[in-house]
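entry.cif (mmCIF, C-alpha atoms) appears below.
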data_coords
loop_
_atom_site.label_atom_id
_atom_site.label_comp_id
_atom_site.auth_asym_id
_atom_site.auth_seq_id
_atom_site.Cartn_x
_atom_site.Cartn_y
_atom_site.Cartn_z
CA MET A 48 -5.03 38.38 19.67
CA SER A 49 -4.69 38.24 15.94
CA ARG A 50 -3.49 35.81 13.32
CA ASN A 51 0.16 36.82 13.80
CA ASP A 52 0.00 36.11 17.54
CA VAL A 53 -1.46 32.62 17.28
CA LEU A 54 -0.34 31.16 13.96
CA VAL A 55 3.14 30.52 12.55
CA ASP A 56 4.12 29.08 9.19
CA ALA A 57 6.57 26.30 8.40
CA ASP A 58 9.38 28.73 7.57
CA TRP A 59 9.03 30.32 11.01
CA VAL A 60 9.24 26.90 12.64
CA GLU A 61 12.34 25.95 10.62
CA ALA A 62 13.98 29.18 11.77
CA HIS A 63 13.16 28.41 15.43
CA LEU A 64 14.01 24.68 15.61
CA ASP A 65 16.88 25.40 18.01
CA ASP A 66 15.36 28.41 19.77
CA PRO A 67 15.47 27.59 23.51
CA SER A 68 12.39 29.74 24.18
CA VAL A 69 10.25 27.67 21.79
CA VAL A 70 8.88 24.17 22.40
CA LEU A 71 7.40 22.30 19.46
CA VAL A 72 4.67 19.84 20.44
CA GLU A 73 3.10 17.22 18.16
CA VAL A 74 -0.42 15.98 18.92
CA ASP A 75 -2.04 13.37 16.68
CA GLU A 76 -5.22 11.33 16.62
CA ASP A 77 -3.05 8.31 15.80
CA THR A 78 -0.57 8.73 18.63
CA THR A 79 2.02 6.46 16.97
CA THR A 80 2.51 8.92 14.10
CA TYR A 81 5.21 10.76 16.05
CA GLU A 82 7.35 7.61 16.18
CA LYS A 83 7.44 7.38 12.38
CA GLY A 84 8.96 10.83 12.13
CA HIS A 85 8.45 14.32 13.51
CA ILE A 86 9.82 17.82 13.30
CA ARG A 87 13.26 17.98 14.92
CA ASN A 88 13.14 18.78 18.65
CA ALA A 89 9.37 18.31 18.86
CA VAL A 90 7.97 16.51 21.90
CA ARG A 91 4.74 14.49 21.84
CA LEU A 92 1.52 14.83 23.77
CA ASP A 93 -0.92 11.93 23.69
CA TRP A 94 -4.41 13.44 23.57
CA LYS A 95 -5.93 10.35 25.19
CA LYS A 96 -3.36 9.20 27.72
CA ASP A 97 -1.91 12.59 28.66
CA LEU A 98 -4.90 14.92 28.39
CA GLN A 99 -7.85 12.77 29.53
CA ASP A 100 -8.58 11.41 32.98
CA ALA A 101 -7.88 7.66 33.00
CA VAL A 102 -11.18 6.73 34.67
CA ARG A 103 -13.98 9.22 34.25
CA ARG A 104 -14.80 11.12 31.07
CA ASP A 105 -13.10 14.44 31.74
CA PHE A 106 -9.85 16.26 31.27
CA VAL A 107 -6.85 15.96 33.53
CA ASN A 108 -7.14 18.62 36.23
CA SER A 109 -4.83 21.60 36.56
CA GLU A 110 -2.44 19.77 38.92
CA GLN A 111 -2.18 16.84 36.52
CA PHE A 112 -1.72 19.20 33.58
CA ALA A 113 1.04 21.03 35.46
CA ALA A 114 2.76 17.73 36.27
CA LEU A 115 2.51 16.65 32.61
CA LEU A 116 4.04 19.85 31.23
CA SER A 117 6.72 19.89 33.93
CA ALA A 118 7.75 16.35 32.99
CA ARG A 119 7.88 17.24 29.28
CA GLY A 120 10.12 20.20 30.01
CA ILE A 121 7.57 22.86 29.10
CA GLY A 122 7.70 25.99 31.26
CA ASN A 123 5.20 28.79 31.76
CA ASP A 124 7.45 31.17 29.81
CA HIS A 125 7.95 28.95 26.79
CA THR A 126 6.37 29.72 23.45
CA VAL A 127 4.53 26.49 22.69
CA VAL A 128 3.99 25.69 19.00
CA LEU A 129 1.50 22.88 18.40
CA TYR A 130 1.07 20.86 15.24
CA GLY A 131 -0.36 17.52 14.21
CA GLY A 132 -2.11 15.41 11.63
CA ASN A 133 -5.79 15.50 10.63
CA ASN A 134 -5.38 19.14 9.54
CA ASN A 135 -4.43 20.13 13.10
CA TRP A 136 -7.67 18.83 14.73
CA PHE A 137 -5.90 17.43 17.75
CA ALA A 138 -3.31 20.20 17.81
CA SER A 139 -6.21 22.69 17.95
CA TYR A 140 -7.74 20.63 20.72
CA ALA A 141 -4.44 20.80 22.64
CA TYR A 142 -4.20 24.53 21.89
CA TRP A 143 -7.63 25.05 23.43
CA TYR A 144 -6.46 22.93 26.36
CA PHE A 145 -3.35 25.09 26.90
CA LYS A 146 -5.66 28.15 26.89
CA LEU A 147 -8.09 26.41 29.25
CA TYR A 148 -5.26 26.16 31.77
CA GLY A 149 -3.97 29.67 31.09
CA HIS A 150 -0.73 29.17 29.15
CA GLY A 151 0.61 32.54 28.02
CA ASP A 152 2.11 32.07 24.57
CA VAL A 153 0.82 29.20 22.45
CA LYS A 154 0.61 29.01 18.67
CA LEU A 155 -0.38 26.61 15.92
CA LEU A 156 1.78 25.64 12.95
CA ASP A 157 -0.44 26.55 9.99
CA GLY A 158 -1.21 23.43 7.98
CA GLY A 159 0.22 21.14 10.65
CA ARG A 160 1.94 17.92 9.83
CA LYS A 161 0.33 17.57 6.42
CA LYS A 162 1.66 20.84 5.02
CA TRP A 163 5.08 20.00 6.46
CA GLU A 164 5.00 16.61 4.69
CA LEU A 165 3.60 17.96 1.42
CA ASP A 166 6.45 20.50 1.44
CA SER A 167 8.84 17.51 1.90
CA ARG A 168 10.46 19.21 4.91
CA GLU A 169 12.85 17.40 7.25
CA GLN A 170 11.56 14.88 9.80
CA VAL A 171 13.56 12.90 12.33
CA THR A 172 12.88 9.98 14.68
CA GLU A 173 15.17 11.11 17.55
CA VAL A 174 13.23 12.03 20.67
CA PRO A 175 14.63 15.18 22.31
CA THR A 176 15.49 15.21 26.00
CA ARG A 177 14.33 18.28 27.89
CA ALA A 178 15.06 19.26 31.48
CA ALA A 179 11.98 19.11 33.72
CA THR A 180 10.33 22.37 34.72
CA ALA A 181 8.05 23.45 37.57
CA TYR A 182 4.98 24.34 35.55
CA VAL A 183 2.10 26.11 37.28
CA ALA A 184 -1.34 25.74 35.63
CA LYS A 185 -4.19 28.15 36.30
CA PRO A 186 -7.70 26.97 37.19
CA GLN A 187 -9.81 25.99 34.16
CA ASP A 188 -11.15 28.95 32.20
CA ARG A 189 -14.85 28.08 31.95
CA ALA A 190 -15.40 31.00 29.57
CA ILE A 191 -14.14 28.86 26.68
CA ARG A 192 -15.67 25.49 27.67
CA ALA A 193 -19.37 24.58 27.36
CA PHE A 194 -21.15 21.73 29.13
CA ARG A 195 -24.39 20.02 28.09
CA GLN A 196 -26.60 22.31 30.13
CA ASP A 197 -24.98 25.33 28.44
CA VAL A 198 -25.98 23.84 25.09
CA LEU A 199 -29.58 23.25 26.18
CA ASP A 200 -29.72 26.79 27.58
CA ALA A 201 -28.42 28.14 24.27
CA LEU A 202 -31.25 26.68 22.16
CA GLY A 203 -32.95 29.54 20.38
CA ARG A 204 -30.72 32.14 22.08
CA GLU A 205 -27.09 31.68 21.02
CA ASN A 206 -25.28 30.59 17.90
CA LEU A 207 -24.81 26.85 17.81
CA ILE A 208 -22.37 25.59 15.21
CA ASP A 209 -22.14 21.92 14.31
CA VAL A 210 -18.78 21.54 12.59
CA ARG A 211 -19.14 17.89 11.57
CA SER A 212 -19.55 16.79 7.97
CA PRO A 213 -22.98 17.31 6.35
CA ASP A 214 -23.75 13.57 6.55
CA GLU A 215 -23.05 13.46 10.29
CA TYR A 216 -25.11 16.63 10.81
CA ALA A 217 -28.08 15.25 8.91
CA GLY A 218 -27.87 11.94 10.75
CA ARG A 219 -26.90 9.79 7.79
CA ILE A 220 -23.65 8.66 9.49
CA LEU A 221 -22.53 8.74 13.15
CA ALA A 222 -18.77 9.24 12.99
CA PRO A 223 -16.15 10.62 10.58
CA ALA A 224 -15.74 8.18 7.74
CA HIS A 225 -12.23 7.11 8.68
CA LEU A 226 -13.70 5.50 11.83
CA PRO A 227 -16.10 2.57 12.17
CA GLN A 228 -19.63 3.85 12.68
CA GLU A 229 -20.83 3.90 16.29
CA GLN A 230 -24.20 2.66 17.45
CA SER A 231 -24.49 4.14 20.93
CA GLN A 232 -25.97 7.54 20.05
CA ARG A 233 -29.00 8.83 18.24
CA ALA A 234 -28.13 10.41 14.90
CA GLY A 235 -28.75 14.05 14.03
CA HIS A 236 -27.82 17.44 15.45
CA VAL A 237 -28.69 19.90 18.21
CA PRO A 238 -31.84 21.80 17.15
CA THR A 239 -31.12 25.27 15.69
CA ALA A 240 -27.42 24.46 15.13
CA VAL A 241 -26.11 25.51 11.75
CA ASN A 242 -23.78 23.15 9.90
CA ILE A 243 -20.45 24.75 9.04
CA PRO A 244 -17.99 21.89 8.59
CA TRP A 245 -14.57 22.66 10.09
CA SER A 246 -13.08 21.83 6.69
CA LYS A 247 -14.60 24.94 5.13
CA ALA A 248 -12.22 26.95 7.31
CA ALA A 249 -9.16 25.25 5.81
CA ASN A 250 -7.52 24.90 2.43
CA ASP A 251 -6.78 21.46 0.97
CA ASP A 252 -3.25 21.61 2.42
CA GLY A 253 -4.64 22.18 5.92
CA THR A 254 -3.73 25.89 6.22
CA PHE A 255 -6.41 28.28 7.44
CA ARG A 256 -8.30 30.45 4.98
CA SER A 257 -7.89 34.23 5.15
CA ASP A 258 -9.68 36.28 7.80
CA ALA A 259 -11.92 37.83 5.13
CA GLU A 260 -12.89 34.40 3.75
CA LEU A 261 -13.54 33.08 7.27
CA THR A 262 -15.72 36.04 8.26
CA ALA A 263 -17.75 35.62 5.08
CA LEU A 264 -18.07 31.88 5.73
CA TYR A 265 -19.60 32.17 9.21
CA GLN A 266 -21.71 35.25 8.59
CA GLY A 267 -22.91 33.78 5.30
CA ALA A 268 -24.11 30.68 7.14
CA GLY A 269 -26.14 32.75 9.59
CA VAL A 270 -23.79 33.14 12.56
CA ASP A 271 -24.59 36.40 14.38
CA PHE A 272 -21.28 37.80 15.67
CA GLY A 273 -23.25 39.89 18.18
CA LYS A 274 -24.28 36.74 20.06
CA GLU A 275 -22.46 34.11 22.06
CA THR A 276 -21.42 30.96 20.22
CA ILE A 277 -21.01 27.29 21.11
CA ALA A 278 -19.24 24.97 18.68
CA TYR A 279 -19.42 21.18 18.83
CA CYS A 280 -18.55 18.12 16.76
CA ARG A 281 -18.32 14.46 17.81
CA ILE A 282 -15.77 14.56 20.65
CA GLY A 283 -14.67 18.19 20.68
CA GLU A 284 -11.51 18.17 18.58
CA ARG A 285 -12.87 19.39 15.23
CA SER A 286 -14.85 22.02 17.13
CA ALA A 287 -11.62 23.10 18.85
CA HIS A 288 -10.41 23.86 15.31
CA THR A 289 -13.49 26.05 14.73
CA TRP A 290 -13.12 27.57 18.24
CA PHE A 291 -9.57 28.53 17.22
CA VAL A 292 -10.86 30.18 14.04
CA LEU A 293 -13.61 32.18 15.75
CA HIS A 294 -11.94 33.03 19.06
CA GLU A 295 -8.28 33.32 18.09
CA LEU A 296 -8.19 34.27 14.40
CA LEU A 297 -11.39 36.33 14.17
CA ASP A 298 -11.17 37.62 17.74
CA GLN A 299 -14.76 36.78 18.66
CA PRO A 300 -14.96 37.20 22.46
CA ASN A 301 -17.68 34.76 23.52
CA VAL A 302 -17.03 31.40 21.91
CA ARG A 303 -17.08 28.12 23.79
CA ASN A 304 -16.17 24.59 22.73
CA TYR A 305 -18.60 21.86 23.85
CA ASP A 306 -16.17 18.97 24.30
CA GLY A 307 -18.91 16.51 25.27
CA SER A 308 -20.17 17.08 21.73
CA TRP A 309 -22.31 14.55 19.87
CA THR A 310 -21.10 11.46 21.73
CA GLU A 311 -22.61 13.04 24.85
CA TYR A 312 -25.57 14.98 23.45
CA GLY A 313 -26.68 12.14 21.17
CA ALA A 314 -26.76 9.78 24.16
CA LEU A 315 -28.76 12.04 26.53
CA VAL A 316 -32.27 10.93 27.45
CA GLY A 317 -35.09 13.31 26.65
CA VAL A 318 -33.27 16.13 24.83
CA PRO A 319 -34.54 17.45 21.51
CA ILE A 320 -32.70 16.31 18.36
CA THR A 321 -33.12 17.41 14.77
CA LEU A 322 -32.69 15.02 11.85
CA GLY A 323 -32.04 16.24 8.33
CA ASP A 324 -30.11 18.92 6.50
CA ASN A 325 -31.71 21.99 8.13
CA PRO A 326 -31.22 23.54 11.60
CA GLY A 327 -34.89 23.15 12.56
CA GLY A 328 -36.76 24.74 15.48
CA VAL A 329 -35.97 24.37 19.20
CA GLU A 330 -38.32 21.37 19.59
CA GLY A 331 -36.31 19.21 17.16
CA GLY A 332 -37.78 16.58 14.85
CA VAL A 333 -37.24 16.13 11.14
CA ALA A 334 -36.13 19.32 9.39
CA MET B 1435 0.68 -6.13 -5.38
CA CYS B 1436 4.35 -5.76 -4.38
CA GLY B 1437 3.90 -8.46 -1.74
CA ALA B 1438 1.25 -6.47 0.14
CA THR B 1439 -2.06 -8.06 1.05
CA ALA B 1440 -4.79 -6.92 -1.34
CA GLY B 1441 -7.18 -4.72 0.61
CA GLY B 1442 -4.58 -3.83 3.19
CA PRO B 1443 -4.48 -4.66 6.88
CA ALA B 1444 -7.20 -6.86 8.40
CA LEU B 1445 -10.27 -5.17 9.85
CA ALA B 1446 -10.39 -4.88 13.64
CA ALA B 1447 -12.34 -7.70 15.30
CA ASN B 1448 -15.05 -5.34 16.56
CA VAL B 1449 -15.92 -4.10 13.05
CA ASP B 1450 -18.80 -5.90 11.35
CA PRO B 1451 -18.19 -5.46 7.61
CA GLY B 1452 -21.82 -6.45 6.96
CA ARG B 1453 -22.93 -3.15 8.52
CA GLU B 1454 -20.30 -0.86 6.98
CA ALA B 1455 -19.94 0.68 3.53
CA ILE B 1456 -16.17 0.34 3.21
CA ILE B 1457 -14.03 2.11 0.64
CA GLN B 1458 -10.41 1.01 0.64
CA GLY B 1459 -7.47 0.68 -1.66
CA VAL B 1460 -3.94 1.64 -2.47
CA VAL B 1461 -2.22 4.73 -3.83
CA THR B 1462 0.45 4.04 -6.44
CA LYS B 1463 2.87 6.01 -8.56
CA GLY B 1464 4.60 4.31 -11.48
CA GLY B 1465 3.21 0.98 -10.20
CA SER B 1466 4.76 1.29 -6.70
CA PRO B 1467 2.74 1.99 -3.53
CA VAL B 1468 2.97 5.51 -2.08
CA ALA B 1469 3.23 5.76 1.72
CA GLY B 1470 2.21 8.98 3.48
CA ALA B 1471 -0.04 10.34 0.72
CA TYR B 1472 -3.21 12.03 1.98
CA VAL B 1473 -6.52 10.61 0.76
CA ARG B 1474 -9.63 12.64 1.46
CA LEU B 1475 -13.20 11.49 1.05
CA LEU B 1476 -15.54 14.11 -0.43
CA ASP B 1477 -19.32 13.75 -0.41
CA ARG B 1478 -21.80 14.36 -3.25
CA SER B 1479 -21.49 18.12 -2.79
CA GLY B 1480 -17.69 18.01 -2.78
CA GLU B 1481 -17.58 18.58 1.00
CA PHE B 1482 -14.79 17.00 3.04
CA THR B 1483 -15.93 13.97 5.03
CA ALA B 1484 -12.68 12.35 6.13
CA GLU B 1485 -8.98 12.15 5.38
CA VAL B 1486 -6.32 9.55 6.11
CA PRO B 1487 -2.63 9.25 5.32
CA THR B 1488 -1.71 6.07 3.45
CA SER B 1489 0.08 3.30 5.34
CA ALA B 1490 3.64 2.11 4.73
CA THR B 1491 2.19 -0.15 2.02
CA GLY B 1492 0.20 2.70 0.43
CA HIS B 1493 -3.16 1.52 1.76
CA PHE B 1494 -6.13 3.53 3.03
CA ARG B 1495 -9.64 2.69 4.28
CA PHE B 1496 -12.86 4.59 4.94
CA PHE B 1497 -16.12 3.61 6.62
CA ALA B 1498 -18.47 5.65 4.46
CA GLY B 1499 -22.23 5.72 3.99
CA PRO B 1500 -23.83 4.19 0.90
CA GLY B 1501 -23.66 6.41 -2.19
CA GLU B 1502 -21.36 8.31 -4.49
CA TRP B 1503 -18.07 9.68 -3.18
CA THR B 1504 -14.92 11.26 -4.52
CA LEU B 1505 -11.42 10.36 -3.35
CA ARG B 1506 -9.01 13.31 -3.53
CA THR B 1507 -5.40 12.25 -3.11
CA LEU B 1508 -2.64 14.71 -2.22
CA ALA B 1509 1.05 13.85 -2.35
CA PRO B 1510 4.06 16.16 -2.66
CA GLY B 1511 3.60 18.03 -5.93
CA THR B 1512 0.59 16.10 -7.16
CA LYS B 1513 -3.15 15.64 -6.72
CA ALA B 1514 -5.75 13.22 -8.18
CA ASP B 1515 -9.56 12.89 -7.96
CA GLN B 1516 -11.39 9.60 -8.43
CA ALA B 1517 -15.10 8.73 -8.13
CA VAL B 1518 -16.24 5.68 -6.14
CA THR B 1519 -19.56 4.12 -5.12
CA ALA B 1520 -20.02 2.62 -1.65
CA THR B 1521 -22.63 0.06 -0.61
CA ILE B 1522 -23.48 -1.28 2.85
CA GLY B 1523 -22.09 -4.78 3.32
CA SER B 1524 -19.52 -4.57 0.55
CA ILE B 1525 -15.99 -3.29 0.14
CA ALA B 1526 -15.22 -0.93 -2.73
CA GLU B 1527 -11.59 -1.55 -3.74
CA VAL B 1528 -9.86 1.37 -5.44
CA GLU B 1529 -6.42 1.90 -6.90
CA VAL B 1530 -5.44 5.55 -7.12
CA ALA B 1531 -2.65 5.82 -9.69
CA LEU B 1532 -0.87 9.15 -9.35
CA PRO B 1533 0.66 10.66 -12.47
CA ALA B 1534 4.31 9.54 -12.54
#
Represent the structure contained in this file as structure tokens.
Amino acid sequence: MSRNDVLVDADWVEAHLDDPSVVLVEVDEDTTTYEKGHIRNAVRLDWKKDLQDAVRRDFVNSEQFAALLSARGIGNDHTVVLYGGNNNWFASYAYWYFKLYGHGDVKLLDGGRKKWELDSREQVTEVPTRAATAYVAKPQDRAIRAFRQDVLDALGRENLIDVRSPDEYAGRILAPAHLPQEQSQRAGHVPTAVNIPWSKAANDDGTFRSDAELTALYQGAGVDFGKETIAYCRIGERSAHTWFVLHELLDQPNVRNYDGSWTEYGALVGVPITLGDNPGGVEGGVA
Amino acid sequence: MCGATAGGPALAANVDPGREAIIQGVVTKGGSPVAGAYVRLLDRSGEFTAEVPTSATGHFRFFAGPGEWTLRTLAPGTKADQAVTATIGSIAEVEVALPA
């Protein structure tokens, strides 16, 4: 994989709006955004209703994912191009999801919805109709997904990257500042995790920085590319953005996204936590 | 303000404004509200903390921590930075006037 295989720009999308081999998919944190206007012929995925199990905290399974894509008219052979708001956080999350279930050709629109809007490109409100397919999803690829025990096992051994904002990392706030602050978790970060906010990987318009800038960013912050890496944030969507950068753009082979992220780790009983602006040692505490 | 409620939409019932440091306001251009502008909240070091698009009435809202912040507003062809101070239990009201 390289940048050209996984990332397309807005001009490419405009040239492929009517390409029958391409399906545009919008994924937003605010799932009503699509109704206000979207790129012509784009379908919508709802990251909560469509991608999460309705009862327990987990993803839909491969059968449910296959049924979802079949109903939306997405086939195994389609080139899926994802985009969304929040600088592609939720589109990256969906991208990681498509990879988790083994979709062949999936790409992100660089800059997502914001770049499209700032360029004043065309948006429509018509919802396209697509013929149903018979999508077949593969079993989940655990090589790109980390669970809580993987994180605990990684302490002091692997790269841990906390991609939240510096104030969330240090424990001064508990959620991104466009959301009310939660009270159910302890504040802080996983001991030894370095803080490389997802936003450092993107320009103001939401497009990704160059490969050279990205390599310098992670290596400069102490990430050892010879080791395995786990990225996390609050609920796994900003860290999917960083997973995309490391695994897809920079071609790092062993990178996992911890989707339980801080809302799980910060609520666990008895695990070490570090408060403050520094990574700290494996025992946690104030650093 | 053009018929819109000052401060924008009501807070959700489960939000206790006494425990939040809220920064909110409206983006305008030539005196009219701007919908769909992007407002980002930068911390003391200039690092991104959050970003929201403005509502149909040009409003935005953040639940920040107490302290000094910068609002960076992006709209097609224009950009503006504005400093703001947030305090727990109060609402900092800001008008971001984009160059016309």
Taking the file above as input, evaluate the PyMOL selection byres ((chain A) within 6 of (chain B)) and report the hits as number ranges by chain.
-> A: 165, 212, 223-225, 227
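The space between CA of Ala248 (chain A) and CA of Ser286 (chain A) spans 11.3 Å.
The two atoms in question, CA of Leu296 (chain A) and CA of Arg91 (chain A), are spaced 24.8 Å apart.
Distances from B:Gly1523, B:Gly1459, B:Gly1452, B:Pro1533 to Leu1505 (chain B) were compared using only C-alpha atoms, and the smallest one belongs to B:Gly1459.
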Kindly resolve the PyMOL selection byres ((chain A and resi 301-304) around 8) on the present coordinates and return the residues as a PyMOL selection string.
-> chain A and resi 190-193+274-279+283+286-287+290+293-294+299-300+305-306
Give the answer as one residue: which of A:Leu199, A:Ala217, A:Leu297, A:Asp251 has the shortest atom-to-atom distance to Leu264 (chain A), using all atoms listed in the file?
-> A:Leu297
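The shortest atom-to-atom distance to Trp1503 (chain B), with only C-alpha atoms taken into account, belongs to A:Asp214 out of A:Asp214, A:Asp271, A:Ala263, A:Asp97.
Candidate residues A:Pro186, A:Gly84, A:Gly203, A:Gly120 were compared for distance to Leu147 (chain A), and the nearest is A:Pro186, using only C-alpha atoms.
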For the structure provided, state which residues fall under the PyMOL selection byres ((chain A and resi 309-311) around 10), and present them as number ranges by chain.
-> A: 194-195, 209, 211, 215-216, 221-222, 229, 231-237, 279-283, 305-308, 312-315
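Of the listed residues (A:Gly122, A:Pro326, A:Pro244, A:Gly253), A:Pro244 comes nearest to Tyr265 (chain A); the distances count only C-alpha atoms.
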Distance in Å - CA of Asp188 (chain A) versus CA of Phe272 (chain A) | 21.3 Å
What are the centre and the three edge lengths of an axis-aligned box that wraps all atoms of region 1457-1466 of chain B in the file, given that 4 Å is added to every side, written as lines of an AutoDock Vina configuration file and rounded to one decimal in Å?
center_x = -4.6
center_y = 3.3
center_z = -5.4
size_x = 26.8
size_y = 13.3
size_z = 20.1
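Considering all atoms listed in the file, the residue among A:His85, A:Arg50, A:Arg219, A:His63 positioned nearest to Lys161 (chain A) is A:His85.
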Sel. within 10 Å of pt (-34.5, 25.0, 15.0), counting all atoms listed in the file, output as a PyMOL selection string | chain A and resi 202-203+237-241+319-321+325-332+334
Polymer residues at most 6 Å from Gly1492 (chain B), only C-alpha atoms, same-chain spacing of 4 or more positions, as a list in words | Val1460, Val1461, Pro1467, Val1468, Ala1469 and Thr1488 of chain B
